[in-house]
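*Asks:* First the structure, then my questions, so here it is.
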Amino acid sequence: MIRRPSIREVSQLAGVSLGTASNVLNHPERVSDHTRKKVEAAIEKLGFIPSEAGRRLRKVDSKLVGVLVLDVANPFFAAAASAIEARLAEESCFPVIGSTGGDPDREAGLLRLLLGQEVRGIILTPSSGAEKSLELLEIRRIPLVLLDHPALKDGMNAVSVDDTKGAQIAIEHLRSLGHHRIGFINGSAKVRQAQARRIGVRQTVMKSDDLLTLVEISAERFDAASGERAMTKLLSSHPEVTAVFCANDSLAIGAMRAARRHHLSIPRDMSIIGFDDIDVARELITPLTTVRQPMEQLGETAARLLLEQPAEAQDIAFIPELIIRESTAPPRQPVN
């Protein structure tokens with residue numbers, strides 16, 4: 001039988017006391033970052049896994065669930081978090097919600113705080129550098145569900161939307177209306193969703209039988225102010241564009257403001273399509289055509305997976321849906 005390394009061996013390799021090594025696992029908020037990193041390095045090197053007996057010492061009846069998303073102020077994540085809260089309430093559980101901003105260091109810090117609160121589990125939209133944090137959750141045997149992100153490996157519960165397919169749907173809609181000069185306002189390339197939507201846009205343009213011209217503009221954030229700035233830049237450099245796909249509805253709302261400021265009528269002079277279908281999208285002066293994500297269903301499913309912990313891990317991907325409203329139309333024909 002292969003002997004499993006002990007927590008004492010971890011403490012010796014890290015050069016810390018047994019109590020300190022134990023605190024890294026059970027109360028990380030009590031340990032400095034420098035010491036915690038030494039212990040985590042020793043854990044990784046030795047392949048240490050806490051015993052089932054140690055696992056049972058954790059509070060398994062906790063009513064708190066950690067929920068970390070990129071930005072809880074983003075209407076998409078706000079809607080998903082609300083659905084999570086509603087599903088947790090059915091089991092008398094409560095979410096502790098935070099925003100990581102996609103920053104791996106902030107994400108790691110928030111996760112350590114949540115672990116110190118003895119949470120029942122974590123629902124996480126991971127950053128691009130979340131590997132170490134996820135390893136710590138695995139070592140601690142903390143139930144985890146990824147939200148708005150595919151599973152990163154086998155045996156991981158995850159709920160997401162096919163962002164690539166959604167972007168393909170958006171560009172195909174504009175192409176079908178007769179647009180050939182299309183702008184694409186995306187978010188930060190560091191964000192997985194932005195990367196996936198960019199792939200979908202480019203795939204559709206490359207596969208199209210029509211000659212499509214694509215102009216890409218990156219916004220600083222996924223908010224309306226960033227969308228307005230990006231649209232202003234797009235209109236200044238490429239006035240020939242007749243339609244714009246925005247990587248979320250907030251960007252699209254900002255793009256609509258910029259278009260009107262440039263005296264363009266929507267959709268007569270400029271078609272604009274978003275992504276998400278947030279509540280305000282249908283209430284705008286010109287209701288927004290968009291690609292709908294099932295935000296509430298994403299949140300409810302993530303909460304259900306966390307609470308039920310199915311024997312077989314589930315990696316669930318929803319297909320988005322085109323919602324046609326009044327912000328897209330065929331391009332205006334030139335007057336002879």
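Scheme for the structure tokens: letters A, B, ... for chains in order shown; per-chain residue numbers from 1; ligand numbers from 1 in order shown.
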Just want the 12 Å neighbourhood of region 89-94 of chain A, counted on only C-alpha atoms, with same-chain residues fewer than 5 positions away dropped. Output as a PyMOL selection string.
*Replies:* chain A and resi 61-67+81-84+119-122+300+303-304+306-308
*Asks:* May I have the residues within 7 Å of region 256-269 of chain A as a list in words, using only C-alpha atoms and disregarding those fewer than 3 positions away in the same chain?
*Replies:*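 The neighbour list is Glu228, Met231, Thr232, Thr242, Ala252, Ile253, Ser327, Thr328, Ala329, Pro331 and Arg332 of chain A.
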*Asks:* Just N, CA and C atoms for this one: save the residues we selected as a PDB file, in the first residue's frame.
*Replies:*
ATOM      1  N   GLU A 228     -19.889  53.178 -25.319  1.00  0.00           N
ATOM      2  CA  GLU A 228     -20.030  54.473 -25.984  1.00  0.00           C
ATOM      3  C   GLU A 228     -18.696  54.951 -26.533  1.00  0.00           C
ATOM      4  N   MET A 231     -17.733  52.773 -29.578  1.00  0.00           N
ATOM      5  CA  MET A 231     -18.545  53.094 -30.753  1.00  0.00           C
ATOM      6  C   MET A 231     -18.112  54.414 -31.366  1.00  0.00           C
ATOM      7  N   THR A 232     -17.779  55.373 -30.537  1.00  0.00           N
ATOM      8  CA  THR A 232     -17.285  56.656 -31.043  1.00  0.00           C
ATOM      9  C   THR A 232     -16.007  56.457 -31.851  1.00  0.00           C
ATOM     10  N   THR A 242     -22.254  49.534 -41.249  1.00  0.00           N
ATOM     11  CA  THR A 242     -23.711  49.701 -41.215  1.00  0.00           C
ATOM     12  C   THR A 242     -24.369  48.916 -40.082  1.00  0.00           C
ATOM     13  N   ALA A 252     -23.841  47.485 -25.896  1.00  0.00           N
ATOM     14  CA  ALA A 252     -24.762  47.895 -26.958  1.00  0.00           C
ATOM     15  C   ALA A 252     -25.515  49.163 -26.594  1.00  0.00           C
ATOM     16  N   ILE A 253     -25.902  49.294 -25.322  1.00  0.00           N
ATOM     17  CA  ILE A 253     -26.605  50.505 -24.888  1.00  0.00           C
ATOM     18  C   ILE A 253     -25.705  51.726 -25.061  1.00  0.00           C
ATOM     19  N   SER A 327     -33.904  47.101 -33.138  1.00  0.00           N
ATOM     20  CA  SER A 327     -32.627  47.792 -33.351  1.00  0.00           C
ATOM     21  C   SER A 327     -31.842  47.255 -34.539  1.00  0.00           C
ATOM     22  N   THR A 328     -32.383  46.258 -35.245  1.00  0.00           N
ATOM     23  CA  THR A 328     -31.715  45.747 -36.440  1.00  0.00           C
ATOM     24  C   THR A 328     -32.693  45.733 -37.604  1.00  0.00           C
ATOM     25  N   ALA A 329     -32.169  46.031 -38.802  1.00  0.00           N
ATOM     26  CA  ALA A 329     -32.971  46.069 -40.022  1.00  0.00           C
ATOM     27  C   ALA A 329     -32.011  46.011 -41.206  1.00  0.00           C
ATOM     28  N   PRO A 331     -29.728  47.212 -44.288  1.00  0.00           N
ATOM     29  CA  PRO A 331     -29.018  48.489 -44.419  1.00  0.00           C
ATOM     30  C   PRO A 331     -29.770  49.453 -45.318  1.00  0.00           C
ATOM     31  N   ARG A 332     -29.588  50.715 -45.016  1.00  0.00           N
ATOM     32  CA  ARG A 332     -30.260  51.768 -45.796  1.00  0.00           C
ATOM     33  C   ARG A 332     -29.671  51.791 -47.199  1.00  0.00           C
TER      34      ARG A 332
END
*Asks:* Could you name the residues that touch Gly274 (chain A) at 9 Å or less, counting only C-alpha atoms, but leaving out those on the same chain fewer than 4 positions away, as a PyMOL selection string?
*Replies:* chain A and resi 170+244-253+281+288-292
*Asks:* Could you please write out, as a PyMOL selection string, every residue of region 93-232 of chain A that DSSP assigns to helix (DSSP H, G or I)?
*Replies:* chain A and resi 104-116+131-139+163-176+192-207+224-232
*Asks:* For Asn23 (chain A), work out the shell of residues within 12 Å, counting only C-alpha atoms and skipping chain neighbours fewer than 3 positions away, then give it as a list of chain:residue names.
*Replies:*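 Residues near the query, excluding close chain neighbours: A:Ile7, A:Ser11, A:Val16, A:Ser17, A:Leu18, A:Gly19, A:Thr20, A:Asn26, A:His27, A:Pro28, A:Glu29, A:Arg30, A:Val31, A:Ser32, A:Thr35, A:Arg36, A:Val39, A:Glu40, A:Arg112, A:Leu115, A:Gly116, A:Arg140.
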*Asks:* The selected residues should be written to file as a PDB file, in the first residue's frame (atoms: N, CA, C and O atoms).
*Replies:*
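After the write, part31.pdb holds the following:
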ATOM      1  N   ILE A   7       0.192  15.633   7.322  1.00  0.00           N
ATOM      2  CA  ILE A   7       0.246  17.071   7.521  1.00  0.00           C
ATOM      3  C   ILE A   7       1.522  17.463   8.259  1.00  0.00           C
ATOM      4  O   ILE A   7       2.064  18.552   8.050  1.00  0.00           O
ATOM      5  N   SER A  11       4.253  20.285   7.133  1.00  0.00           N
ATOM      6  CA  SER A  11       4.760  21.361   7.991  1.00  0.00           C
ATOM      7  C   SER A  11       6.286  21.354   8.024  1.00  0.00           C
ATOM      8  O   SER A  11       6.923  22.420   8.008  1.00  0.00           O
ATOM      9  N   VAL A  16       7.338  25.235   8.884  1.00  0.00           N
ATOM     10  CA  VAL A  16       6.392  25.911   9.771  1.00  0.00           C
ATOM     11  C   VAL A  16       5.915  24.914  10.820  1.00  0.00           C
ATOM     12  O   VAL A  16       6.172  23.712  10.735  1.00  0.00           O
ATOM     13  N   SER A  17       5.185  25.427  11.798  1.00  0.00           N
ATOM     14  CA  SER A  17       4.658  24.539  12.834  1.00  0.00           C
ATOM     15  C   SER A  17       3.497  23.720  12.297  1.00  0.00           C
ATOM     16  O   SER A  17       2.883  24.062  11.268  1.00  0.00           O
ATOM     17  N   LEU A  18       3.190  22.634  12.998  1.00  0.00           N
ATOM     18  CA  LEU A  18       2.064  21.786  12.617  1.00  0.00           C
ATOM     19  C   LEU A  18       0.759  22.581  12.642  1.00  0.00           C
ATOM     20  O   LEU A  18      -0.096  22.446  11.765  1.00  0.00           O
ATOM     21  N   GLY A  19       0.615  23.441  13.663  1.00  0.00           N
ATOM     22  CA  GLY A  19      -0.592  24.258  13.769  1.00  0.00           C
ATOM     23  C   GLY A  19      -0.748  25.221  12.610  1.00  0.00           C
ATOM     24  O   GLY A  19      -1.857  25.437  12.112  1.00  0.00           O
ATOM     25  N   THR A  20       0.379  25.796  12.156  1.00  0.00           N
ATOM     26  CA  THR A  20       0.320  26.723  11.028  1.00  0.00           C
ATOM     27  C   THR A  20      -0.089  26.007   9.754  1.00  0.00           C
ATOM     28  O   THR A  20      -0.919  26.504   8.976  1.00  0.00           O
ATOM     29  N   ASN A  26      -7.474  24.868   7.172  1.00  0.00           N
ATOM     30  CA  ASN A  26      -8.757  25.056   7.851  1.00  0.00           C
ATOM     31  C   ASN A  26      -9.123  26.498   8.162  1.00  0.00           C
ATOM     32  O   ASN A  26     -10.304  26.837   8.245  1.00  0.00           O
ATOM     33  N   HIS A  27      -8.120  27.360   8.321  1.00  0.00           N
ATOM     34  CA  HIS A  27      -8.374  28.766   8.645  1.00  0.00           C
ATOM     35  C   HIS A  27      -7.347  29.644   7.924  1.00  0.00           C
ATOM     36  O   HIS A  27      -6.515  30.299   8.562  1.00  0.00           O
ATOM     37  N   PRO A  28      -7.374  29.673   6.577  1.00  0.00           N
ATOM     38  CA  PRO A  28      -6.342  30.397   5.827  1.00  0.00           C
ATOM     39  C   PRO A  28      -6.281  31.883   6.126  1.00  0.00           C
ATOM     40  O   PRO A  28      -5.252  32.520   5.922  1.00  0.00           O
ATOM     41  N   GLU A  29      -7.376  32.448   6.630  1.00  0.00           N
ATOM     42  CA  GLU A  29      -7.378  33.882   6.939  1.00  0.00           C
ATOM     43  C   GLU A  29      -6.460  34.213   8.112  1.00  0.00           C
ATOM     44  O   GLU A  29      -6.114  35.388   8.327  1.00  0.00           O
ATOM     45  N   ARG A  30      -6.043  33.198   8.872  1.00  0.00           N
ATOM     46  CA  ARG A  30      -5.170  33.431  10.013  1.00  0.00           C
ATOM     47  C   ARG A  30      -3.684  33.393   9.639  1.00  0.00           C
ATOM     48  O   ARG A  30      -2.816  33.602  10.494  1.00  0.00           O
ATOM     49  N   VAL A  31      -3.380  33.111   8.379  1.00  0.00           N
ATOM     50  CA  VAL A  31      -2.001  32.881   7.952  1.00  0.00           C
ATOM     51  C   VAL A  31      -1.598  33.944   6.933  1.00  0.00           C
ATOM     52  O   VAL A  31      -2.394  34.320   6.070  1.00  0.00           O
ATOM     53  N   SER A  32      -0.365  34.432   7.013  1.00  0.00           N
ATOM     54  CA  SER A  32       0.116  35.425   6.057  1.00  0.00           C
ATOM     55  C   SER A  32       0.237  34.799   4.669  1.00  0.00           C
ATOM     56  O   SER A  32       0.397  33.579   4.532  1.00  0.00           O
ATOM     57  N   THR A  35       3.539  32.782   4.216  1.00  0.00           N
ATOM     58  CA  THR A  35       3.536  31.462   4.857  1.00  0.00           C
ATOM     59  C   THR A  35       2.581  30.515   4.142  1.00  0.00           C
ATOM     60  O   THR A  35       2.892  29.332   3.930  1.00  0.00           O
ATOM     61  N   ARG A  36       1.416  31.027   3.752  1.00  0.00           N
ATOM     62  CA  ARG A  36       0.449  30.181   3.066  1.00  0.00           C
ATOM     63  C   ARG A  36       1.023  29.618   1.780  1.00  0.00           C
ATOM     64  O   ARG A  36       0.849  28.427   1.474  1.00  0.00           O
ATOM     65  N   VAL A  39       3.375  26.714   2.471  1.00  0.00           N
ATOM     66  CA  VAL A  39       2.654  25.489   2.825  1.00  0.00           C
ATOM     67  C   VAL A  39       1.976  24.895   1.596  1.00  0.00           C
ATOM     68  O   VAL A  39       2.014  23.674   1.386  1.00  0.00           O
ATOM     69  N   GLU A  40       1.373  25.731   0.763  1.00  0.00           N
ATOM     70  CA  GLU A  40       0.724  25.229  -0.440  1.00  0.00           C
ATOM     71  C   GLU A  40       1.723  24.581  -1.384  1.00  0.00           C
ATOM     72  O   GLU A  40       1.427  23.568  -2.033  1.00  0.00           O
ATOM     73  N   ARG A 112     -10.082  32.672   0.138  1.00  0.00           N
ATOM     74  CA  ARG A 112      -9.538  32.389   1.474  1.00  0.00           C
ATOM     75  C   ARG A 112     -10.474  32.909   2.565  1.00  0.00           C
ATOM     76  O   ARG A 112     -10.685  32.247   3.592  1.00  0.00           O
ATOM     77  N   LEU A 115     -13.391  30.509   2.774  1.00  0.00           N
ATOM     78  CA  LEU A 115     -13.013  29.268   3.446  1.00  0.00           C
ATOM     79  C   LEU A 115     -12.959  29.473   4.951  1.00  0.00           C
ATOM     80  O   LEU A 115     -13.294  28.566   5.729  1.00  0.00           O
ATOM     81  N   GLY A 116     -12.550  30.656   5.371  1.00  0.00           N
ATOM     82  CA  GLY A 116     -12.523  30.964   6.791  1.00  0.00           C
ATOM     83  C   GLY A 116     -13.904  31.032   7.403  1.00  0.00           C
ATOM     84  O   GLY A 116     -14.059  30.898   8.624  1.00  0.00           O
ATOM     85  N   ARG A 140      -9.006  21.019  -0.030  1.00  0.00           N
ATOM     86  CA  ARG A 140      -9.900  21.167   1.121  1.00  0.00           C
ATOM     87  C   ARG A 140     -11.210  20.404   0.958  1.00  0.00           C
ATOM     88  O   ARG A 140     -12.035  20.377   1.866  1.00  0.00           O
TER      89      ARG A 140
END
*Asks:* Given the choices A:Ser271, A:Gln168, A:Ser176, A:Gln297, which gets closest to Arg197 (chain A) if the distance is worked out from only C-alpha atoms?
*Replies:*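 Among the listed residues, A:Gln168 lies closest to Arg197 (chain A).
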*Asks:* Write out as a list in words which residues come within 12 Å of Glu9 (chain A) when counting only C-alpha atoms, dropping same-chain ones fewer than 5 positions away.
*Replies:*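 Answer for this query is Arg4, Ala14, Gly15, Val16, Ser17, Leu18, Ala21, Ser22, Val39, Ala42, Ile43, Lys45, Leu46, Gly47, Phe48 and Ile49 of chain A.
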*Asks:* Pull N, CA and C atoms from the residues just selected and write them as a short mmCIF file (atom, residue, chain, number, x, y, z; two decimals), in the first residue's frame.
*Replies:*
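Listing of part-v8.cif after writing:
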data_model
loop_
_atom_site.label_atom_id
_atom_site.label_comp_id
_atom_site.auth_asym_id
_atom_site.auth_seq_id
_atom_site.Cartn_x
_atom_site.Cartn_y
_atom_site.Cartn_z
N ARG A 4 0.42 7.55 2.39
CA ARG A 4 0.04 8.93 2.11
C ARG A 4 0.86 9.88 2.97
N ALA A 14 7.67 22.69 4.71
CA ALA A 14 7.44 24.13 4.58
C ALA A 14 8.20 24.94 5.62
N GLY A 15 8.70 24.25 6.66
CA GLY A 15 9.44 24.95 7.71
C GLY A 15 8.54 25.75 8.61
N VAL A 16 7.34 25.24 8.88
CA VAL A 16 6.39 25.91 9.77
C VAL A 16 5.91 24.91 10.82
N SER A 17 5.18 25.43 11.80
CA SER A 17 4.66 24.54 12.83
C SER A 17 3.50 23.72 12.30
N LEU A 18 3.19 22.63 13.00
CA LEU A 18 2.06 21.79 12.62
C LEU A 18 0.76 22.58 12.64
N ALA A 21 0.49 24.81 9.52
CA ALA A 21 0.12 24.03 8.34
C ALA A 21 -1.36 23.69 8.37
N SER A 22 -1.87 23.34 9.56
CA SER A 22 -3.29 23.02 9.70
C SER A 22 -4.16 24.24 9.43
N VAL A 39 3.38 26.71 2.47
CA VAL A 39 2.65 25.49 2.82
C VAL A 39 1.98 24.90 1.60
N ALA A 42 4.47 23.04 -0.44
CA ALA A 42 4.80 21.75 0.17
C ALA A 42 3.68 20.74 -0.07
N ILE A 43 2.43 21.18 0.02
CA ILE A 43 1.28 20.30 -0.24
C ILE A 43 1.33 19.77 -1.67
N LYS A 45 3.99 19.59 -3.68
CA LYS A 45 5.16 18.75 -3.90
C LYS A 45 4.97 17.34 -3.33
N LEU A 46 4.35 17.25 -2.16
CA LEU A 46 4.16 15.95 -1.51
C LEU A 46 2.92 15.22 -2.01
N GLY A 47 2.02 15.94 -2.66
CA GLY A 47 0.77 15.32 -3.08
C GLY A 47 -0.14 15.02 -1.91
N PHE A 48 -0.09 15.90 -0.91
CA PHE A 48 -0.87 15.69 0.32
C PHE A 48 -2.37 15.86 0.06
N ILE A 49 -3.17 14.93 0.59
CA ILE A 49 -4.63 15.02 0.52
C ILE A 49 -5.18 14.82 1.92
#
*Asks:* DSSP on the backbone: which residues in region 48-176 of chain A end up as strand (DSSP E)? Give the answer as a ChimeraX atom specification.
*Replies:* /A:64-69,94-99,121-124,144-147,157-161
*Asks:* Let me make sure I understand: among A:Gly299, A:Pro320, A:Gly254, A:Pro294, which one has the smallest atom-to-atom distance to Ala86 (chain A) if we use only C-alpha atoms?
*Replies:* A:Gly299
*Asks:* Determine, counting only C-alpha atoms, which protein, DNA and RNA residues have an atom within 10 Å of an atom of Gly102 (chain A); residues of the same chain fewer than 3 positions away are not included. Present the result as a PyMOL selection string.
*Replies:* chain A and resi 69-71+99+105-107+125-130+190-192
*Asks:* Which residue, A:Arg221, A:Arg175, A:Arg202, A:Lys132, has the smallest gap to Ala73 (chain A) when you use only C-alpha atoms?
*Replies:*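 For Ala73 (chain A), the nearest of the candidates is A:Arg221.
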*Asks:* Can you pull out every residue within 10 Å of Leu212 (chain A), counting only C-alpha atoms, but drop anything in the same chain fewer than 3 positions away, and send it as an MDAnalysis selection string?
*Replies:* chainID A and resid 175 179:182 204:209 215
*Asks:* Could you jot down the CA of Arg198 (chain A) to CA of Thr301 (chain A) separation for me, Å, one decimal place?
*Replies:*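 Atom-to-atom, CA of Arg198 (chain A) to CA of Thr301 (chain A), that is 26.1 Å.
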*Asks:* Of the candidates A:Glu220, A:Asp162, A:Glu118, A:Asp103, which one gets nearest to Asp148 (chain A) if we count only C-alpha atoms?
*Replies:*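 The closest residue to Asp148 (chain A) is A:Asp162.
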